[in-house]
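**Student:** The structure is given below, and queries will be raised subsequently.
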Amino acid sequence: MGFREDFLWGGAVAAHQCEGAWQEGGKGISCSDVETAGDNVTGAPRRLTDGVIEGEDYPNHVGVDFYHHYKEDVALFAEMGFKAFRTSIAWTRIFPRGDEKEPNEEGLKFYDDLFDECHKYGIEPVITLSHFELPWALAKEYGGFRNRQAIDMFVKFAKVCFERYQHKVKYWMTFNEINNQADVTQHNLIQEGAVLLQEGDDAEYLMYLSAHHELVASALAVKAAHEINPDLQVGCMIGMNGVYPASPKPEDVMNALGAMHQKYWYVEVHARGHYPRHILKKFERKGYDFITEEDKKILAEGKVDYIGFSYYMSFATKYQGRNEKTFDYVPEDFVRNTYLKASDWGWQIDPIGLRISCVDLYDRYRKPLFIVENGLGAKDTVEADGSINDDYRIDYLREHIRQMYKAIEEDGVELMGYTTWAPIDLLSNSTNQMSKRYGFIYVDVDDYGNGTYKRSKKKSYDWYKEVIATNGSSILDD
């Protein structure tokens with residue numbers, strides 16, 4: 001069987017990491033626009049500032065200037081043979097504050113032009129509605145998704161996009177990596193616009209409350225899309241990183257189960273239309289009571305059509321006595337998996353883990369899967385002759401593609417497509433730096449915005465072109 005004839009080979013980006021043009025075309029300020037650069041060397045994290053402050057470094061304001069280079073970039077994707085290109089619609093290009101009555105026509109027109117450019121080459125746009133790009137005004141003035149009003153704002157934004165692009169975009173996703181905000185210690189909690197924490201706030205409660213509102217908003221959006229055009233396919237998108245027990249010790253196994261519960265419950269709601277019992281028991285223990293009967297009805301009626309997910313690495317966890325009663329997810333219990341190599345950024349490289357993830361997701365939910373992010377962030381070197389020999393990226397992608405092929409051929413998984421992160425260098429989401437590069441296409445700009453922004457092909461460019469041209473067969477037998 002192998003990869004089906006209409007398999008969606010391609011690449012994926014996010015608006016805030018590549019577009020730039022943060023004040024052009026009537027665009028408003030997003031949460032990503034007030035995030036400073038981090039530093040992988042010193043460990044300094046990104047910071048969220050109270051608005052845009054003069055003198056601070058905000059790499060997202062320029063990105064790789066895709067806004068002005070998209071025709072050139074799409075042509076390069078087309079030369080590789082892309083069948084699909086995943087990106088996001090920057091919410092603040094359409095509703096600059098999030099609460100306007102009417103959308104911004106100039107922003108809508110930009111995506112019309114981008115999607116037309118894709119279709120000129122036979123490339124199918126795959127669109128994420130919210131990819132860490134919540135309007136700053138919505139977060140600052142309304143409290144983000146802790147406020148139920150955010151549901152209506154998101155659904156309005158979604159409906160405008162569905163109605164405008166229903167004949168240009170078939171495949172949609174609602175919230176990017178929605179489950180990555182399941183850890184209150186992570187910056188994603190703020191970055192995704194879930195909450196802006198104040199002194200005395202119960203961060204865990206607000207995390208679950210905000211996630212619930214996002215899930216209700218997602219279900220309403222799915223229902224609206226199907227009403228606008230029954231041909232539209234709307235999926236969820238989760239960050240899928242399998243968690244292994246560090247040993248066969250039962251407590252380690254329970255720790256891994258708890259970690260996966262925290263990852264999967266979002267998918268349960270998206271795909272099955274209701275909360276799993278284990279998370280309801282947790283809410284009961286903690287006294288959380290925010291799920292209404294109307295919410296339950298909405299979730300049941302707004303189940304997704306497919307499951308999109310990212311996969312970069314896996315984790316291991318070792319029980320250390322922190323959660324002896326419930327075996328809930330404890331990020332401090334994650335340990336190094338000594339059986340795996342790691343990237344320059346310490347991400348464990350585990351191709352077989354992708355197959356495991358595919359099988360586990362498909363066995364659980366029996367919905368089509370779409371791998372919408374997979375790639376290797378690395379420091380690329382430009383040689384004297386201008387070549388970039390990124391064999392390490394080729395090796396990473398080859399082994400992951402082979403494993404997803406096995407998931408299809410040997411395990412019977414229904415896989416729609418595969419879009420690598422990212423086809424072109426862009427800002428790394430973890431630190432807002434350019435030095436962590438993912439692309440087949442090199443962009444001449446450094447961590448400080450210095451460079452020509454000229455595009456050039458890496459060795460992996462022609463390699464992936466051959467993979468697509470042969471529908472994967474070029475790497476299955478070598």
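Here's how to read the names in the structure tokens: chain A, B, ... by the order shown, residue numbers from 1 in each chain, ligand numbers from 1 in the order shown.
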Using the chain letters and numbers from this document, which residues of stretch 112-272 of chain A does DSSP assign to helix (DSSP H, G or I), as a compact mmCIF listing (two decimals) with N, CA, C and O atoms, in the first residue's frame?
**Tutor:**
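That gives us states_32.txt:
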```
# COMPACT_ATOMS: atom_id res chain seq x y z
N ASP A 112 -5.88 36.02 0.66
CA ASP A 112 -6.41 35.70 -0.66
C ASP A 112 -5.26 35.54 -1.65
O ASP A 112 -5.20 34.57 -2.41
N ASP A 113 -4.38 36.51 -1.65
CA ASP A 113 -3.26 36.50 -2.60
C ASP A 113 -2.32 35.34 -2.33
O ASP A 113 -1.83 34.69 -3.27
N LEU A 114 -2.04 35.05 -1.05
CA LEU A 114 -1.16 33.94 -0.70
C LEU A 114 -1.75 32.61 -1.15
O LEU A 114 -1.06 31.78 -1.77
N PHE A 115 -3.04 32.40 -0.88
CA PHE A 115 -3.67 31.14 -1.26
C PHE A 115 -3.76 31.00 -2.78
O PHE A 115 -3.60 29.91 -3.33
N ASP A 116 -4.01 32.11 -3.46
CA ASP A 116 -4.03 32.08 -4.93
C ASP A 116 -2.66 31.68 -5.47
O ASP A 116 -2.55 30.93 -6.46
N GLU A 117 -1.62 32.20 -4.84
CA GLU A 117 -0.26 31.87 -5.27
C GLU A 117 0.01 30.38 -5.08
O GLU A 117 0.65 29.74 -5.94
N CYS A 118 -0.46 29.82 -3.98
CA CYS A 118 -0.30 28.38 -3.75
C CYS A 118 -1.03 27.58 -4.82
O CYS A 118 -0.47 26.64 -5.42
N HIS A 119 -2.26 27.94 -5.09
CA HIS A 119 -3.06 27.19 -6.06
C HIS A 119 -2.50 27.31 -7.48
O HIS A 119 -2.71 26.41 -8.31
N LYS A 120 -1.81 28.38 -7.76
CA LYS A 120 -1.18 28.54 -9.07
C LYS A 120 -0.24 27.38 -9.37
O LYS A 120 -0.06 26.98 -10.53
N TRP A 136 -3.08 40.96 21.36
CA TRP A 136 -2.60 41.43 22.65
C TRP A 136 -3.71 42.13 23.43
O TRP A 136 -3.82 41.97 24.64
N ALA A 137 -4.55 42.88 22.74
CA ALA A 137 -5.65 43.57 23.43
C ALA A 137 -6.61 42.57 24.07
O ALA A 137 -7.13 42.81 25.16
N LEU A 138 -6.83 41.45 23.39
CA LEU A 138 -7.72 40.43 23.94
C LEU A 138 -7.12 39.83 25.21
O LEU A 138 -7.81 39.58 26.20
N ALA A 139 -5.80 39.61 25.19
CA ALA A 139 -5.13 39.08 26.38
C ALA A 139 -5.06 40.12 27.50
O ALA A 139 -5.37 39.82 28.66
N LYS A 140 -4.69 41.32 27.15
CA LYS A 140 -4.45 42.37 28.15
C LYS A 140 -5.75 42.90 28.76
O LYS A 140 -5.85 43.07 29.99
N GLU A 141 -6.73 43.18 27.93
CA GLU A 141 -7.94 43.85 28.39
C GLU A 141 -9.05 42.89 28.80
O GLU A 141 -9.92 43.24 29.60
N TYR A 142 -9.03 41.68 28.24
CA TYR A 142 -10.09 40.73 28.54
C TYR A 142 -9.61 39.54 29.38
O TYR A 142 -10.43 38.77 29.88
N GLY A 144 -7.66 37.14 28.00
CA GLY A 144 -7.50 36.01 27.10
C GLY A 144 -8.63 35.01 27.25
O GLY A 144 -9.78 35.36 27.50
N PHE A 145 -8.30 33.73 27.15
CA PHE A 145 -9.32 32.69 27.18
C PHE A 145 -9.78 32.33 28.59
O PHE A 145 -10.61 31.43 28.74
N ARG A 146 -9.31 33.02 29.61
CA ARG A 146 -9.96 32.85 30.90
C ARG A 146 -11.36 33.47 30.87
O ARG A 146 -12.21 33.16 31.69
N GLN A 149 -15.86 35.53 26.90
CA GLN A 149 -16.06 36.37 25.73
C GLN A 149 -15.08 36.03 24.60
O GLN A 149 -15.37 36.26 23.43
N ALA A 150 -13.93 35.47 24.97
CA ALA A 150 -12.94 35.11 23.96
C ALA A 150 -13.48 34.03 23.03
O ALA A 150 -13.06 33.95 21.86
N ILE A 151 -14.38 33.19 23.53
CA ILE A 151 -14.98 32.16 22.68
C ILE A 151 -15.68 32.81 21.49
O ILE A 151 -15.46 32.44 20.34
N ASP A 152 -16.51 33.80 21.78
CA ASP A 152 -17.26 34.47 20.70
C ASP A 152 -16.33 35.17 19.73
O ASP A 152 -16.57 35.18 18.52
N MET A 153 -15.25 35.77 20.25
CA MET A 153 -14.31 36.48 19.38
C MET A 153 -13.60 35.51 18.45
O MET A 153 -13.42 35.78 17.25
N PHE A 154 -13.20 34.36 18.99
CA PHE A 154 -12.53 33.37 18.14
C PHE A 154 -13.48 32.81 17.09
O PHE A 154 -13.11 32.67 15.91
N VAL A 155 -14.69 32.48 17.49
CA VAL A 155 -15.66 31.90 16.56
C VAL A 155 -15.99 32.90 15.44
O VAL A 155 -16.13 32.52 14.27
N LYS A 156 -16.09 34.17 15.79
CA LYS A 156 -16.33 35.19 14.77
C LYS A 156 -15.18 35.23 13.78
O LYS A 156 -15.39 35.28 12.55
N PHE A 157 -13.96 35.22 14.28
CA PHE A 157 -12.77 35.19 13.44
C PHE A 157 -12.78 33.94 12.55
O PHE A 157 -12.54 34.03 11.33
N ALA A 158 -13.10 32.79 13.13
CA ALA A 158 -13.12 31.54 12.37
C ALA A 158 -14.16 31.60 11.25
O ALA A 158 -13.88 31.20 10.11
N LYS A 159 -15.36 32.08 11.56
CA LYS A 159 -16.42 32.14 10.56
C LYS A 159 -16.04 33.05 9.40
O LYS A 159 -16.31 32.74 8.23
N VAL A 160 -15.44 34.18 9.72
CA VAL A 160 -15.00 35.10 8.65
C VAL A 160 -14.02 34.38 7.72
O VAL A 160 -14.12 34.48 6.49
N CYS A 161 -13.08 33.62 8.31
CA CYS A 161 -12.09 32.91 7.50
C CYS A 161 -12.74 31.79 6.69
O CYS A 161 -12.44 31.62 5.50
N PHE A 162 -13.62 31.01 7.31
CA PHE A 162 -14.28 29.92 6.59
C PHE A 162 -15.09 30.45 5.40
O PHE A 162 -15.06 29.88 4.31
N GLU A 163 -15.83 31.52 5.65
CA GLU A 163 -16.69 32.06 4.59
C GLU A 163 -15.85 32.67 3.46
O GLU A 163 -16.14 32.48 2.28
N ARG A 164 -14.79 33.37 3.83
CA ARG A 164 -13.97 34.05 2.83
C ARG A 164 -13.17 33.05 1.97
O ARG A 164 -13.07 33.22 0.75
N TYR A 165 -12.63 32.01 2.62
CA TYR A 165 -11.68 31.14 1.93
C TYR A 165 -12.20 29.73 1.69
O TYR A 165 -11.42 28.83 1.36
N ILE A 178 -2.54 22.66 21.20
CA ILE A 178 -3.37 23.12 22.32
C ILE A 178 -2.95 22.48 23.64
O ILE A 178 -3.06 23.10 24.70
N ASN A 179 -2.44 21.26 23.59
CA ASN A 179 -2.08 20.57 24.83
C ASN A 179 -0.75 21.03 25.41
O ASN A 179 -0.40 20.66 26.54
N ASN A 180 0.01 21.85 24.69
CA ASN A 180 1.28 22.32 25.22
C ASN A 180 1.13 23.36 26.33
O ASN A 180 2.13 23.76 26.93
N GLN A 181 -0.08 23.80 26.59
CA GLN A 181 -0.28 24.70 27.72
C GLN A 181 -0.71 23.94 28.97
O GLN A 181 -1.15 24.53 29.95
N ASN A 188 4.48 28.82 27.50
CA ASN A 188 3.37 28.71 26.55
C ASN A 188 2.05 29.13 27.15
O ASN A 188 1.15 29.56 26.44
N LEU A 189 1.91 28.99 28.47
CA LEU A 189 0.67 29.37 29.12
C LEU A 189 0.34 30.83 28.81
O LEU A 189 -0.81 31.19 28.57
N ILE A 190 1.36 31.67 28.83
CA ILE A 190 1.15 33.08 28.51
C ILE A 190 1.18 33.28 27.01
O ILE A 190 0.35 33.97 26.43
N GLN A 191 2.14 32.64 26.35
CA GLN A 191 2.33 32.88 24.93
C GLN A 191 1.08 32.55 24.13
O GLN A 191 0.76 33.22 23.17
N ALA A 203 -2.86 29.54 39.06
CA ALA A 203 -2.43 29.30 37.69
C ALA A 203 -3.00 28.01 37.13
O ALA A 203 -3.41 27.95 35.96
N GLU A 204 -3.05 26.96 37.95
CA GLU A 204 -3.54 25.69 37.45
C GLU A 204 -5.03 25.77 37.10
O GLU A 204 -5.46 25.30 36.05
N TYR A 205 -5.80 26.40 37.96
CA TYR A 205 -7.23 26.55 37.67
C TYR A 205 -7.44 27.34 36.39
O TYR A 205 -8.24 26.97 35.53
N LEU A 206 -6.72 28.46 36.25
CA LEU A 206 -6.88 29.29 35.07
C LEU A 206 -6.43 28.57 33.81
O LEU A 206 -6.98 28.77 32.73
N MET A 207 -5.43 27.70 33.96
CA MET A 207 -4.98 26.90 32.82
C MET A 207 -6.11 26.01 32.31
O MET A 207 -6.41 25.97 31.11
N TYR A 208 -6.75 25.29 33.23
CA TYR A 208 -7.83 24.39 32.83
C TYR A 208 -9.06 25.16 32.34
O TYR A 208 -9.71 24.76 31.38
N LEU A 209 -9.36 26.27 33.00
CA LEU A 209 -10.49 27.09 32.58
C LEU A 209 -10.27 27.61 31.16
O LEU A 209 -11.17 27.53 30.31
N SER A 210 -9.10 28.14 30.90
CA SER A 210 -8.78 28.69 29.59
C SER A 210 -8.81 27.60 28.53
O SER A 210 -9.34 27.80 27.42
N ALA A 211 -8.25 26.44 28.86
CA ALA A 211 -8.26 25.33 27.91
C ALA A 211 -9.69 24.90 27.59
O ALA A 211 -10.02 24.59 26.44
N HIS A 212 -10.53 24.88 28.60
CA HIS A 212 -11.93 24.52 28.37
C HIS A 212 -12.61 25.50 27.41
O HIS A 212 -13.31 25.09 26.47
N HIS A 213 -12.36 26.77 27.62
CA HIS A 213 -12.96 27.77 26.73
C HIS A 213 -12.43 27.62 25.29
O HIS A 213 -13.19 27.79 24.33
N GLU A 214 -11.15 27.28 25.16
CA GLU A 214 -10.60 27.05 23.82
C GLU A 214 -11.25 25.83 23.17
O GLU A 214 -11.54 25.84 21.97
N LEU A 215 -11.48 24.79 23.95
CA LEU A 215 -12.10 23.58 23.40
C LEU A 215 -13.53 23.84 22.97
O LEU A 215 -13.98 23.32 21.94
N VAL A 216 -14.26 24.63 23.75
CA VAL A 216 -15.62 25.00 23.35
C VAL A 216 -15.57 25.84 22.08
O VAL A 216 -16.36 25.63 21.14
N ALA A 217 -14.63 26.78 22.02
CA ALA A 217 -14.49 27.63 20.83
C ALA A 217 -14.15 26.78 19.60
O ALA A 217 -14.68 27.01 18.51
N SER A 218 -13.28 25.81 19.79
CA SER A 218 -12.91 24.92 18.69
C SER A 218 -14.11 24.13 18.19
O SER A 218 -14.34 24.03 16.98
N ALA A 219 -14.90 23.57 19.11
CA ALA A 219 -16.08 22.80 18.71
C ALA A 219 -17.08 23.66 17.95
O ALA A 219 -17.67 23.22 16.95
N LEU A 220 -17.28 24.88 18.41
CA LEU A 220 -18.19 25.79 17.72
C LEU A 220 -17.68 26.13 16.33
O LEU A 220 -18.46 26.25 15.37
N ALA A 221 -16.36 26.27 16.21
CA ALA A 221 -15.77 26.56 14.91
C ALA A 221 -15.94 25.38 13.95
O ALA A 221 -16.26 25.57 12.77
N VAL A 222 -15.72 24.16 14.44
CA VAL A 222 -15.90 22.97 13.60
C VAL A 222 -17.33 22.91 13.08
O VAL A 222 -17.58 22.68 11.89
N LYS A 223 -18.28 23.12 13.99
CA LYS A 223 -19.69 23.08 13.60
C LYS A 223 -20.00 24.16 12.57
O LYS A 223 -20.71 23.92 11.58
N ALA A 224 -19.47 25.36 12.77
CA ALA A 224 -19.70 26.46 11.84
C ALA A 224 -19.12 26.15 10.46
O ALA A 224 -19.76 26.42 9.43
N ALA A 225 -17.93 25.57 10.42
CA ALA A 225 -17.31 25.23 9.14
C ALA A 225 -18.16 24.25 8.36
O ALA A 225 -18.37 24.41 7.14
N HIS A 226 -18.67 23.25 9.03
CA HIS A 226 -19.49 22.24 8.35
C HIS A 226 -20.80 22.83 7.85
O HIS A 226 -21.33 22.38 6.82
N GLU A 227 -21.32 23.82 8.57
CA GLU A 227 -22.55 24.48 8.12
C GLU A 227 -22.29 25.39 6.93
O GLU A 227 -23.12 25.49 6.02
N ILE A 228 -21.14 26.06 6.93
CA ILE A 228 -20.79 26.97 5.83
C ILE A 228 -20.50 26.18 4.56
O ILE A 228 -20.94 26.54 3.47
N PRO A 250 6.83 -0.43 38.24
CA PRO A 250 5.42 -0.01 38.08
C PRO A 250 5.19 1.47 38.34
O PRO A 250 4.38 2.10 37.66
N GLU A 251 5.91 2.05 39.31
CA GLU A 251 5.72 3.48 39.58
C GLU A 251 6.19 4.33 38.40
O GLU A 251 5.59 5.38 38.12
N ASP A 252 7.24 3.90 37.71
CA ASP A 252 7.68 4.63 36.53
C ASP A 252 6.63 4.53 35.41
O ASP A 252 6.36 5.50 34.69
N VAL A 253 6.05 3.34 35.28
CA VAL A 253 5.01 3.14 34.28
C VAL A 253 3.79 4.01 34.59
O VAL A 253 3.21 4.63 33.70
N MET A 254 3.43 4.10 35.87
CA MET A 254 2.31 4.97 36.25
C MET A 254 2.64 6.43 35.99
O MET A 254 1.77 7.21 35.58
N ASN A 255 3.87 6.81 36.22
CA ASN A 255 4.29 8.18 35.93
C ASN A 255 4.10 8.51 34.44
O ASN A 255 3.61 9.57 34.07
N ALA A 256 4.52 7.56 33.58
CA ALA A 256 4.37 7.76 32.14
C ALA A 256 2.89 7.82 31.76
O ALA A 256 2.49 8.63 30.91
N LEU A 257 2.08 6.99 32.40
CA LEU A 257 0.64 7.01 32.13
C LEU A 257 0.05 8.36 32.50
O LEU A 257 -0.75 8.94 31.75
N GLY A 258 0.45 8.91 33.64
CA GLY A 258 -0.03 10.21 34.06
C GLY A 258 0.37 11.31 33.10
O GLY A 258 -0.42 12.22 32.79
N ALA A 259 1.60 11.22 32.59
CA ALA A 259 2.08 12.23 31.65
C ALA A 259 1.30 12.15 30.34
O ALA A 259 0.95 13.18 29.75
N MET A 260 1.02 10.96 29.87
CA MET A 260 0.26 10.80 28.63
C MET A 260 -1.21 11.19 28.82
O MET A 260 -1.83 11.71 27.90
N HIS A 261 -1.75 10.94 30.01
CA HIS A 261 -3.11 11.41 30.29
C HIS A 261 -3.21 12.92 30.10
O HIS A 261 -4.17 13.43 29.51
N GLN A 262 -2.20 13.63 30.61
CA GLN A 262 -2.22 15.08 30.52
C GLN A 262 -2.09 15.55 29.08
O GLN A 262 -2.58 16.62 28.71
N LYS A 263 -1.47 14.73 28.24
CA LYS A 263 -1.30 15.06 26.83
C LYS A 263 -2.55 14.72 26.02
O LYS A 263 -2.98 15.46 25.14
N TYR A 264 -3.16 13.57 26.34
CA TYR A 264 -4.24 13.03 25.53
C TYR A 264 -5.61 13.63 25.80
O TYR A 264 -6.48 13.57 24.94
N TRP A 265 -5.84 14.17 26.99
CA TRP A 265 -7.22 14.53 27.30
C TRP A 265 -7.76 15.60 26.36
O TRP A 265 -8.96 15.64 26.06
N TYR A 266 -6.90 16.45 25.86
CA TYR A 266 -7.33 17.45 24.88
C TYR A 266 -7.85 16.76 23.62
O TYR A 266 -8.85 17.18 23.03
N VAL A 267 -7.12 15.72 23.17
CA VAL A 267 -7.54 15.01 21.97
C VAL A 267 -8.87 14.29 22.20
O VAL A 267 -9.71 14.22 21.32
N GLU A 268 -9.02 13.75 23.41
CA GLU A 268 -10.28 13.07 23.74
C GLU A 268 -11.47 14.01 23.52
O GLU A 268 -12.49 13.64 22.93
N VAL A 269 -11.35 15.23 24.00
CA VAL A 269 -12.44 16.19 23.88
C VAL A 269 -12.66 16.55 22.41
O VAL A 269 -13.79 16.57 21.91
N HIS A 270 -11.58 16.83 21.69
CA HIS A 270 -11.67 17.16 20.27
C HIS A 270 -12.29 16.03 19.45
O HIS A 270 -13.14 16.27 18.59
N ALA A 271 -11.82 14.81 19.67
CA ALA A 271 -12.15 13.70 18.79
C ALA A 271 -13.40 12.94 19.21
O ALA A 271 -14.12 12.39 18.36
N ARG A 272 -13.65 12.86 20.52
CA ARG A 272 -14.79 12.09 21.01
C ARG A 272 -15.94 12.95 21.52
O ARG A 272 -17.02 12.46 21.80
```
**Student:** Find the residues around A:Ser435 up to 12 Å (only C-alpha atoms counted), leave out those fewer than 5 positions away in its own chain, and share them as a PyMOL selection string.
**Tutor:** chain A and resi 37-41+344-345+377-381+425-430+442-450
**Student:** DSSP says strand (DSSP E or B) for which residues of stretch 183-341 of chain A? Put them as a PyMOL selection string?
**Tutor:** chain A and resi 233-239+243-245+306-310+315-317+334-335+341
**Student:** Since we have the selection now, will you write its residues out, keeping N, CA and C atoms, as a PDB file, in the first residue's frame?
**Tutor:**
```pdb
ATOM      1  N   GLN A 233     -12.735  20.367   5.917  1.00  0.00           N
ATOM      2  CA  GLN A 233     -12.228  19.407   6.889  1.00  0.00           C
ATOM      3  C   GLN A 233     -11.504  20.177   7.988  1.00  0.00           C
ATOM      4  N   VAL A 234     -11.960  20.009   9.219  1.00  0.00           N
ATOM      5  CA  VAL A 234     -11.376  20.745  10.343  1.00  0.00           C
ATOM      6  C   VAL A 234     -10.806  19.767  11.355  1.00  0.00           C
ATOM      7  N   GLY A 235      -9.545  19.930  11.666  1.00  0.00           N
ATOM      8  CA  GLY A 235      -8.882  19.051  12.615  1.00  0.00           C
ATOM      9  C   GLY A 235      -8.422  19.803  13.851  1.00  0.00           C
ATOM     10  N   CYS A 236      -8.001  19.032  14.839  1.00  0.00           N
ATOM     11  CA  CYS A 236      -7.304  19.612  15.987  1.00  0.00           C
ATOM     12  C   CYS A 236      -5.817  19.528  15.703  1.00  0.00           C
ATOM     13  N   MET A 237      -5.009  20.118  16.566  1.00  0.00           N
ATOM     14  CA  MET A 237      -3.560  20.025  16.420  1.00  0.00           C
ATOM     15  C   MET A 237      -2.956  19.927  17.809  1.00  0.00           C
ATOM     16  N   ILE A 238      -2.212  18.842  18.039  1.00  0.00           N
ATOM     17  CA  ILE A 238      -1.588  18.644  19.351  1.00  0.00           C
ATOM     18  C   ILE A 238      -0.088  18.451  19.209  1.00  0.00           C
ATOM     19  N   GLY A 239       0.617  18.752  20.283  1.00  0.00           N
ATOM     20  CA  GLY A 239       2.031  18.453  20.357  1.00  0.00           C
ATOM     21  C   GLY A 239       2.182  17.023  20.858  1.00  0.00           C
ATOM     22  N   VAL A 243       5.839   9.683  26.006  1.00  0.00           N
ATOM     23  CA  VAL A 243       6.574   9.630  27.273  1.00  0.00           C
ATOM     24  C   VAL A 243       6.733   8.167  27.680  1.00  0.00           C
ATOM     25  N   TYR A 244       7.994   7.705  27.765  1.00  0.00           N
ATOM     26  CA  TYR A 244       8.291   6.337  28.170  1.00  0.00           C
ATOM     27  C   TYR A 244       8.567   6.288  29.678  1.00  0.00           C
ATOM     28  N   PRO A 245       8.263   5.142  30.313  1.00  0.00           N
ATOM     29  CA  PRO A 245       8.753   4.952  31.680  1.00  0.00           C
ATOM     30  C   PRO A 245      10.262   4.726  31.649  1.00  0.00           C
ATOM     31  N   TYR A 306     -10.240  15.208  11.652  1.00  0.00           N
ATOM     32  CA  TYR A 306      -8.950  14.507  11.641  1.00  0.00           C
ATOM     33  C   TYR A 306      -8.095  15.042  12.784  1.00  0.00           C
ATOM     34  N   ILE A 307      -6.999  14.346  13.057  1.00  0.00           N
ATOM     35  CA  ILE A 307      -6.091  14.745  14.133  1.00  0.00           C
ATOM     36  C   ILE A 307      -4.754  15.142  13.526  1.00  0.00           C
ATOM     37  N   GLY A 308      -4.419  16.416  13.640  1.00  0.00           N
ATOM     38  CA  GLY A 308      -3.117  16.901  13.230  1.00  0.00           C
ATOM     39  C   GLY A 308      -2.199  16.927  14.439  1.00  0.00           C
ATOM     40  N   PHE A 309      -0.930  16.645  14.228  1.00  0.00           N
ATOM     41  CA  PHE A 309      -0.012  16.677  15.373  1.00  0.00           C
ATOM     42  C   PHE A 309       1.412  16.967  14.932  1.00  0.00           C
ATOM     43  N   SER A 310       2.163  17.513  15.875  1.00  0.00           N
ATOM     44  CA  SER A 310       3.604  17.711  15.686  1.00  0.00           C
ATOM     45  C   SER A 310       4.338  16.584  16.389  1.00  0.00           C
ATOM     46  N   PHE A 315      10.108  11.620  25.397  1.00  0.00           N
ATOM     47  CA  PHE A 315      10.616  11.866  26.737  1.00  0.00           C
ATOM     48  C   PHE A 315      10.608  10.566  27.531  1.00  0.00           C
ATOM     49  N   ALA A 316      11.265  10.594  28.668  1.00  0.00           N
ATOM     50  CA  ALA A 316      11.198   9.493  29.632  1.00  0.00           C
ATOM     51  C   ALA A 316      10.952  10.098  31.008  1.00  0.00           C
ATOM     52  N   THR A 317      10.275   9.346  31.868  1.00  0.00           N
ATOM     53  CA  THR A 317       9.962   9.860  33.203  1.00  0.00           C
ATOM     54  C   THR A 317      10.266   8.818  34.264  1.00  0.00           C
ATOM     55  N   PHE A 334      10.927  14.227  34.436  1.00  0.00           N
ATOM     56  CA  PHE A 334      11.466  13.825  33.142  1.00  0.00           C
ATOM     57  C   PHE A 334      12.977  13.627  33.266  1.00  0.00           C
ATOM     58  N   VAL A 335      13.481  12.560  32.641  1.00  0.00           N
ATOM     59  CA  VAL A 335      14.904  12.222  32.715  1.00  0.00           C
ATOM     60  C   VAL A 335      15.428  11.956  31.301  1.00  0.00           C
ATOM     61  N   LYS A 341      20.054   9.473  20.938  1.00  0.00           N
ATOM     62  CA  LYS A 341      20.894  10.633  20.710  1.00  0.00           C
ATOM     63  C   LYS A 341      20.037  11.887  20.841  1.00  0.00           C
TER      64      LYS A 341
END
```
**Student:** May I ask which of the residues A:Val304, A:Leu397, A:Val372, A:Met434 is the closest one to A:Leu415, counting only C-alpha atoms?
**Tutor:**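 So, comparing all the options, the nearest one is A:Val372.
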